[in-house]
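J.: Take a look at the following structure, please.
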Amino acid sequence: MNDDSSPFLTDDMAVDDAPAVEPTSRMLSWARNSALYRLEQRMMTEKQLRDAIIRKAREKFEDISPAQVRALGEFAVTFAYGIKALDDTAYAEIAVRSGQRSGKSKRGLAQKLQIKGIARETAAVALQETNDLVAAVIFARKRAFGPFRRVELDEKRKAKEFSAFARNGFSFEIGAKVMEMTFEEAEEIVAEAPL
């Protein structure tokens with residue numbers, strides 16, 4: 001029984017196999033370099049960076065304690081904020097604009113931001129300017145639905161298009177509105193959208 005709660009240990013006795021709490025300077029140096037490398041490759045959220053550092057630290061260092069792993073994750077995030085390479089607000093704004101341009105619904109974008117670890121309030125602010133009708137028209141253009149359809153509409157095709165809109169987070173009303181548009185109306189909506 002070699003833990004600190006043992007009734008047989010006194011204060012002057014040392015526990016030899018107690019796991020280290022503080023990361024070594026080699027570990028901290030690795031965490032800093034690893035964070036830099038990852039942030040040079042692509043923009044990341046705080047959660048993504050922390051998770052990547054934690055995952056790699058477990059692989060790289062054999063005898064690393066859970067406390068050291070957590071400390072390395074926090075060190076990497078703090079370092080990234082210190083050099084201004086990490087900004088969840090900017091990440092959310094960029095992801096939302098990009099998603100809107102590629103035909104992603106507001107609901108789908110909110111879910112994506114949540115998975116990436118963006119705070120709900122930050123995501124809500126970034127999603128304020130999105131327009132599901134514009135995104136749905138772009139989605140329809142990509143998939144050749146509604147006004148962009150190249151084949152005759154039958155019941156099977158109509159069901160397929162409506163279910164694709166629903167799977168991608170668009171409401172039935174938005175899907176129906178896009179399906180009823182003319183090609184010119186759809187093109188005008190996309191042309192006037194602030195993308």
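By order in the structure tokens, chains are A, B, ...; within a chain, residues start at 1; ligands start at 1, following the order shown.
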Based on the backbone DSSP call, show me all residues of range 7-137 of chain A assigned helix (DSSP H, G or I), as a PyMOL selection string.
T.: chain A and resi 25-41+46-60+66-82+88-101+106-115+120-127+132-137
J.: Set the distance at 9 Å and use only C-alpha atoms: which residues neighbour Glu180 in chain A once local chain neighbours fewer than 5 positions away are removed? I'd like the list as a VMD selection string.
T.: chain A and resid 146 to 147 175
J.: Hey, can you spit out that residue selection with all heavy atoms as a PDB file, in the first residue's frame?
T.:
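result.pdb was written with the following content:
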ATOM      1  N   GLY A 146     -34.500  21.420 -57.108  1.00  0.00           N
ATOM      2  CA  GLY A 146     -35.399  22.553 -57.277  1.00  0.00           C
ATOM      3  C   GLY A 146     -35.213  23.259 -58.599  1.00  0.00           C
ATOM      4  O   GLY A 146     -35.294  22.642 -59.668  1.00  0.00           O
ATOM      5  N   PRO A 147     -34.917  24.579 -58.573  1.00  0.00           N
ATOM      6  CA  PRO A 147     -34.797  25.348 -59.813  1.00  0.00           C
ATOM      7  C   PRO A 147     -33.592  24.942 -60.670  1.00  0.00           C
ATOM      8  O   PRO A 147     -33.526  25.298 -61.836  1.00  0.00           O
ATOM      9  CB  PRO A 147     -34.657  26.789 -59.324  1.00  0.00           C
ATOM     10  CG  PRO A 147     -34.218  26.700 -57.922  1.00  0.00           C
ATOM     11  CD  PRO A 147     -34.736  25.404 -57.380  1.00  0.00           C
ATOM     12  N   GLY A 175     -37.148  24.264 -47.591  1.00  0.00           N
ATOM     13  CA  GLY A 175     -37.030  23.326 -48.714  1.00  0.00           C
ATOM     14  C   GLY A 175     -38.133  23.541 -49.736  1.00  0.00           C
ATOM     15  O   GLY A 175     -37.886  23.568 -50.950  1.00  0.00           O
TER      16      GLY A 175
END
J.: Could you give me, as a tab-separated table, every range 117-153 of chain A residue with an atom at most 7 Å from range 86-93 of chain A, plus its closest atom pair and distance in Å to one decimal, counting only C-alpha atoms, rows ordered by chain then number?
T.:
residue	atom	partner	partner_atom	distance
A:Ile118	CA	A:Asp88	CA	6.4
A:Thr122	CA	A:Thr89	CA	6.1
A:Ala123	CA	A:Ala92	CA	6.2
A:Ala126	CA	A:Glu93	CA	5.1
J.: Calculated over only C-alpha atoms, which of the candidates A:Asp51, A:Asp63, A:Glu184, A:Glu192 has the smallest distance to Met27 in chain A?
T.: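 Closest to Met27 in chain A of all the choices is A:Asp63.
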J.: Write out as number ranges by chain the residues lying within 12 Å of Phe79 in chain A, counting only C-alpha atoms and excluding same-chain residues fewer than 5 positions away.
T.: A: 28-29, 31-36, 39, 46, 49-50, 71-74, 84-86
J.: Please measure the separation of CA of Thr130 in chain A and CA of Lys158 in chain A, giving the value in Å to one decimal.
T.: 26.1 Å
J.: Leaving out Arg167 in chain A and any residue of its chain fewer than 6 positions from it, which residues lie within 12 Å of it when counting only C-alpha atoms, given as a ChimeraX atom specification?
T.: /A:104-105,107-108,136,139,160-161,175
J.: Any idea what's packed within 12 Å of Arg141 in chain A, counting only C-alpha atoms, ignoring anything in its chain fewer than 2 positions away? Could you give it as a ChimeraX atom specification?
T.: /A:101-103,134-139,143-150,161,178-179,181,183,186-187,189-190
J.: To one decimal place, how far is CA of Ile94 in chain A from CA of Lys47 in chain A in Å?
T.: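 CA of Ile94 in chain A sits 16.7 Å away from CA of Lys47 in chain A.
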J.: Which residue is closest to Gln114 in chain A? Choose from A:Gln48, A:Gln68, A:Ala159, A:Glu188 and count only C-alpha atoms.
T.: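 Checking each of A:Gln48, A:Gln68, A:Ala159, A:Glu188 against Gln114 in chain A, counting only C-alpha atoms, the winner is A:Gln48.
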